[in-house]
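Have a look at the structure below before the remarks.
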Amino acid sequence: MHPADSSAPASRTGTTHAADIVVVGAGLAGLVAAAEAADAGRSVILLDQEPEQSLGGQAFWSFGGLFLVDSPEQRRMRVRDSRELAWQDWLGSAQFDRDEDRWPRAWAEAYVDFAAGEKRAWLREHGHRLFPIVGWAERGDGRADGHGNSVPRFHITWGTGPGLVEPFERRVRAHAEAGRIRLAFRHRVDGLVVEDGTAVGVHGAVLEPSDVARGRPSSRTEVGGFEVRASAVVVTSGGIGANHDLVRKAWPARLGEPPRRMISGVPAHVDGRMLQIADDAGANVINPDRMWHYVEGIRNWDPVWENHGIRILPGPSSLWLDATGRRLPAPYFPGFDTLGTLRHLRQTGHDYSWFVLTQRIIEKEFALSGSEQNPDLTGRDLPLLLSRLKKGAPGPVEAFKQHGEDFVVADTLSELVVGMNKVGDPGPDGAELIEESALRTLIEQRDREIDNAYTKDAQITAMRGARNYLGDKLIRVATPHRILDPKAGPLIAVRLHILSRKTLGGLETDLGGRCLRADGTPFPGLYAAGEVSGFGGGGMMGYNALEGTFLGGCLFSGRAAGRAAAQDV
């Protein structure tokens, strides 16, 4: 049945429900939209194909980082930020250059105003709290007017992803108890119901109950059908990150050839179905070639979903090499320019690269993205958090070091190179890709630059500059030292994979989250928020993200769409 066809017989549509608003997708954007609409007195049905234990979607698994501008946390850390500086950084990163960027740019400006304005107070009003030390993510490409954050802006939620989901889940469940929201899990939407050019509902299949753990693949066995009639449909279904075929199809030539092998930063149900369904019904998808994938992915030694990858959140000190042992050029240092580094690595002919570092670096600089990889922050456990200040790597990092297939640990460089060649791919003629003498020369040349407070090595300059920021000096950046210093050992090499993650383009919307058609006219009754709308407007981040903006985009766009739908109804 075509998604726009509303004439299906009862035997195919099954049970029919009605509400003022139906929200498709119970991730963070969906929870916010549903709560805002119910706050305005509207009746809401919140649908999700996954079981109840997956409520909160990808936000639950996240580190909980949020982009804020000129916050009290920044000021306490002696960071001088402003709305003007943040907007400069956003424009330098987004690089808006298309006619379709009208609404994405409008969303970007509204979001920067939100991040510099009421965002923190609005979250705090709902019980959200922040970790006091602000992180410096995506440090940029080295130009004042280019990509990247000029100052630290990455605010970590106290409680990580679950701590961010919690206030909105609480609001939704309170509305559910009061009868204003109905939660309908295991309801997979297969199409929009469109009448006279207006979205008036959705239809789909009821899936059999599933008790699988959060993130695990759930059954797709159908046990019935359904149709929901509503005055407004809000799509908050996420992106395409787990569908690697779609990722490769959308992969832009500017990033080189798509990788043959990727690991997945999201569970299998993040498949882009609703993006295609909305497009088929007449909504306009723009900027599908804009995407955000990480280059510091490692295979999870204890996976939750198939091909499960975790991103290393690196400090700036690890030596970054391509698969053949060549050092990456400036500004492609750890944590600086994600897509620039991806573009460079796609020219090497290999799907992986290497960090080479020391025990001293891993203890101070390695963090792992994800709520489950940060039990101290997620569990709001102060004693466990303080243990990070002790000698040794954090427990989850140490577990990867011991069990992860991508980690090589050795007392000597010779042993390290042997291990790297065992873990890495062989060359086309079967030769080993990493040559010890070349790597030793490279590291020794780098190490000689450590002896003075000044240097021509741009990475060492960046390391020292980072330590001028109090937060980095306290918990994030190791004291510069020689990699071959035995006192800093053992030596460590980490194989890094491309990790699929975010869709930066999506359904084009106005500032109320109202979907638009290809001719720019509104699609009556249809709204979108979160990743399916490129976090706002069809891609408010343009070509590059500044980090902390994905969750924030879900919050902001979910709020806008929920309020607009409630008002329009």
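Labels for the structure tokens follow display order: chains A, B, ..., residues from 1 in each chain, ligands from 1.
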If you run DSSP on the backbone, which residues of range 382-518 of chain A are helix (DSSP H, G or I), as a PyMOL selection string? chain A and resi 382-389+395-403+413-423+436-451+458-466+470-475+486-488
Could you save the residues just selected, with C-alpha atoms, as a PDB file, in the first residue's frame?
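The resulting file, result-v4.pdb, is shown below:
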ATOM      1  CA  LEU A 382      30.810  10.850  43.499  1.00  0.00           C
ATOM      2  CA  PRO A 383      33.235   8.359  45.121  1.00  0.00           C
ATOM      3  CA  LEU A 384      33.549   6.461  41.849  1.00  0.00           C
ATOM      4  CA  LEU A 385      33.970   9.736  39.959  1.00  0.00           C
ATOM      5  CA  LEU A 386      36.771  10.833  42.271  1.00  0.00           C
ATOM      6  CA  SER A 387      38.569   7.567  41.580  1.00  0.00           C
ATOM      7  CA  ARG A 388      39.353   8.981  38.121  1.00  0.00           C
ATOM      8  CA  LEU A 389      41.916  11.210  39.840  1.00  0.00           C
ATOM      9  CA  GLY A 395      37.542   1.091  34.740  1.00  0.00           C
ATOM     10  CA  PRO A 396      35.707   0.935  31.391  1.00  0.00           C
ATOM     11  CA  VAL A 397      38.806   2.165  29.527  1.00  0.00           C
ATOM     12  CA  GLU A 398      40.984  -0.394  31.312  1.00  0.00           C
ATOM     13  CA  ALA A 399      38.472  -3.105  30.369  1.00  0.00           C
ATOM     14  CA  PHE A 400      38.808  -2.184  26.696  1.00  0.00           C
ATOM     15  CA  LYS A 401      42.577  -2.128  27.048  1.00  0.00           C
ATOM     16  CA  GLN A 402      42.509  -5.673  28.429  1.00  0.00           C
ATOM     17  CA  HIS A 403      39.736  -7.215  26.320  1.00  0.00           C
ATOM     18  CA  LEU A 413      58.250  -0.363  20.283  1.00  0.00           C
ATOM     19  CA  SER A 414      59.365  -3.555  18.566  1.00  0.00           C
ATOM     20  CA  GLU A 415      56.704  -5.540  20.396  1.00  0.00           C
ATOM     21  CA  LEU A 416      54.119  -2.848  19.680  1.00  0.00           C
ATOM     22  CA  VAL A 417      54.781  -2.972  15.940  1.00  0.00           C
ATOM     23  CA  VAL A 418      54.469  -6.772  15.916  1.00  0.00           C
ATOM     24  CA  GLY A 419      51.103  -6.461  17.626  1.00  0.00           C
ATOM     25  CA  MET A 420      49.890  -3.706  15.289  1.00  0.00           C
ATOM     26  CA  ASN A 421      50.691  -5.803  12.241  1.00  0.00           C
ATOM     27  CA  LYS A 422      48.819  -8.764  13.716  1.00  0.00           C
ATOM     28  CA  VAL A 423      45.724  -6.635  14.373  1.00  0.00           C
ATOM     29  CA  GLU A 436      59.364  -0.438  12.783  1.00  0.00           C
ATOM     30  CA  SER A 437      62.292   1.712  11.726  1.00  0.00           C
ATOM     31  CA  ALA A 438      60.024   4.282  10.048  1.00  0.00           C
ATOM     32  CA  LEU A 439      57.723   4.450  13.076  1.00  0.00           C
ATOM     33  CA  ARG A 440      60.671   4.736  15.456  1.00  0.00           C
ATOM     34  CA  THR A 441      62.102   7.633  13.437  1.00  0.00           C
ATOM     35  CA  LEU A 442      58.715   9.380  13.414  1.00  0.00           C
ATOM     36  CA  ILE A 443      58.257   9.068  17.182  1.00  0.00           C
ATOM     37  CA  GLU A 444      61.827  10.086  17.971  1.00  0.00           C
ATOM     38  CA  GLN A 445      61.439  13.204  15.818  1.00  0.00           C
ATOM     39  CA  ARG A 446      58.261  14.076  17.684  1.00  0.00           C
ATOM     40  CA  ASP A 447      59.857  13.349  21.069  1.00  0.00           C
ATOM     41  CA  ARG A 448      62.789  15.744  20.457  1.00  0.00           C
ATOM     42  CA  GLU A 449      60.270  18.601  20.209  1.00  0.00           C
ATOM     43  CA  ILE A 450      59.197  17.986  23.832  1.00  0.00           C
ATOM     44  CA  ASP A 451      62.525  19.234  25.257  1.00  0.00           C
ATOM     45  CA  ALA A 458      51.654  21.991  15.722  1.00  0.00           C
ATOM     46  CA  GLN A 459      50.222  19.123  17.760  1.00  0.00           C
ATOM     47  CA  ILE A 460      52.547  19.755  20.687  1.00  0.00           C
ATOM     48  CA  THR A 461      51.655  23.452  20.509  1.00  0.00           C
ATOM     49  CA  ALA A 462      47.985  22.444  20.633  1.00  0.00           C
ATOM     50  CA  MET A 463      48.602  20.166  23.624  1.00  0.00           C
ATOM     51  CA  ARG A 464      50.279  22.966  25.545  1.00  0.00           C
ATOM     52  CA  GLY A 465      47.560  25.382  24.527  1.00  0.00           C
ATOM     53  CA  ALA A 466      44.912  22.978  25.784  1.00  0.00           C
ATOM     54  CA  LEU A 470      41.882  24.768  33.608  1.00  0.00           C
ATOM     55  CA  GLY A 471      39.429  21.962  32.828  1.00  0.00           C
ATOM     56  CA  ASP A 472      41.843  20.293  30.411  1.00  0.00           C
ATOM     57  CA  LYS A 473      44.765  20.654  32.795  1.00  0.00           C
ATOM     58  CA  LEU A 474      42.796  19.118  35.669  1.00  0.00           C
ATOM     59  CA  ILE A 475      41.244  16.053  34.045  1.00  0.00           C
ATOM     60  CA  PRO A 486      59.854   4.078  29.659  1.00  0.00           C
ATOM     61  CA  LYS A 487      58.489   5.845  32.758  1.00  0.00           C
ATOM     62  CA  ALA A 488      55.368   6.804  30.786  1.00  0.00           C
TER      63      ALA A 488
END
Which residues of range 289-391 of chain A sit at most 9 Å from range 490-513 of chain A, using only C-alpha atoms? Give each one's shortest atom pair and distance in Å (one decimal place), in chain and ascending residue order, as a tab-separated table.
residue	atom	partner	partner_atom	distance
A:Asp289	CA	A:Gly505	CA	7.0
A:Arg290	CA	A:Leu504	CA	5.1
A:Met291	CA	A:Thr503	CA	4.8
A:Trp292	CA	A:Lys502	CA	5.0
A:His293	CA	A:Ser500	CA	4.8
A:Tyr294	CA	A:Leu499	CA	5.0
A:Val295	CA	A:Ile498	CA	4.6
A:Glu296	CA	A:Leu496	CA	5.0
A:Gly297	CA	A:His497	CA	4.7
A:Ile298	CA	A:Leu496	CA	5.7
A:Arg299	CA	A:His497	CA	7.9
A:Gly309	CA	A:Leu499	CA	6.4
A:Ile310	CA	A:Leu499	CA	7.7
A:Arg311	CA	A:Leu499	CA	7.3
A:Ile312	CA	A:Leu496	CA	8.9
A:Ala323	CA	A:Arg495	CA	8.5
A:Leu342	CA	A:Ile498	CA	8.1
A:Asp351	CA	A:His497	CA	6.5
A:Tyr352	CA	A:His497	CA	4.8
A:Ser353	CA	A:Leu496	CA	5.1
A:Trp354	CA	A:Arg495	CA	4.7
A:Phe355	CA	A:Val494	CA	5.1
A:Val356	CA	A:Ala493	CA	4.5
A:Leu357	CA	A:Ile492	CA	5.3
A:Thr358	CA	A:Leu491	CA	4.7
A:Gln359	CA	A:Pro490	CA	5.5
A:Arg360	CA	A:Pro490	CA	8.5
A:Ile362	CA	A:Ile492	CA	8.4
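Using only C-alpha atoms, the shortest contact distance between Ala110 in chain A and any of A:Met541, A:Ile45, A:Leu551, A:Val477 is found at A:Met541.
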Grab the CA of Ala40 in chain A to CA of Val285 in chain A distance for me, in Å with one decimal place.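 Answer for the CA of Ala40 in chain A to CA of Val285 in chain A separation: 29.1 Å.
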Using DSSP assignments from the backbone, pull out every residue in range 294-463 of chain A that falls under strand (DSSP E or B) and give it to me as an MDAnalysis selection string. chainID A and resid 294:299 308:313 319:322 327 352:358 367:368 407:410
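CA of Gly215 in chain A is found 11.8 Å from CA of Ala242 in chain A.
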Point-to-point distance from CA of His269 in chain A to CA of Ile181 in chain A, Å rounded to tenths: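 It comes out at 23.6 Å.
Closest approach to Arg173 in chain A among A:Ile483, A:Ile434, A:Leu55, A:Val112 is made by A:Leu55 (distances from only C-alpha atoms).
Minimum atom-to-atom distances from A:Tyr543, A:Trp90, A:Tyr469, A:Trp320 to Tyr111 in chain A were compared using only C-alpha atoms, and the lowest value belongs to A:Trp90.
Residues lying within 9 Å of Trp87 in chain A, counting only C-alpha atoms and ignoring same-chain neighbours fewer than 2 positions away, are Ser82, Arg83, Glu84, Leu85, Asp89, Trp90, Leu91, Gly92, Ala108, Glu109, Val112 and Asp113 of chain A.
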Using only C-alpha atoms: which of A:Gly427, A:Pro267, A:Gly201, A:Gly548 has the shortest distance to His244 in chain A: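 Closest residue, counting only C-alpha atoms: A:Pro267.
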Show me, as a ChimeraX atom specification, the residues that have an atom within 9 Å of Leu328 in chain A when counting only C-alpha atoms, minus same-chain residues fewer than 5 positions from it. /A:319-322,333,341,344-345
Counting only C-alpha atoms, the residue among A:Asp302, A:Glu169, A:Asp99, A:Asp519 that lies closest to Glu36 in chain A is A:Glu169
Nearest to Ala478 in chain A: which of A:Glu372, A:Ala410, A:Gly256, A:Phe366 is it, counting only C-alpha atoms?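 Nearest candidate to Ala478 in chain A out of A:Glu372, A:Ala410, A:Gly256, A:Phe366: A:Phe366.
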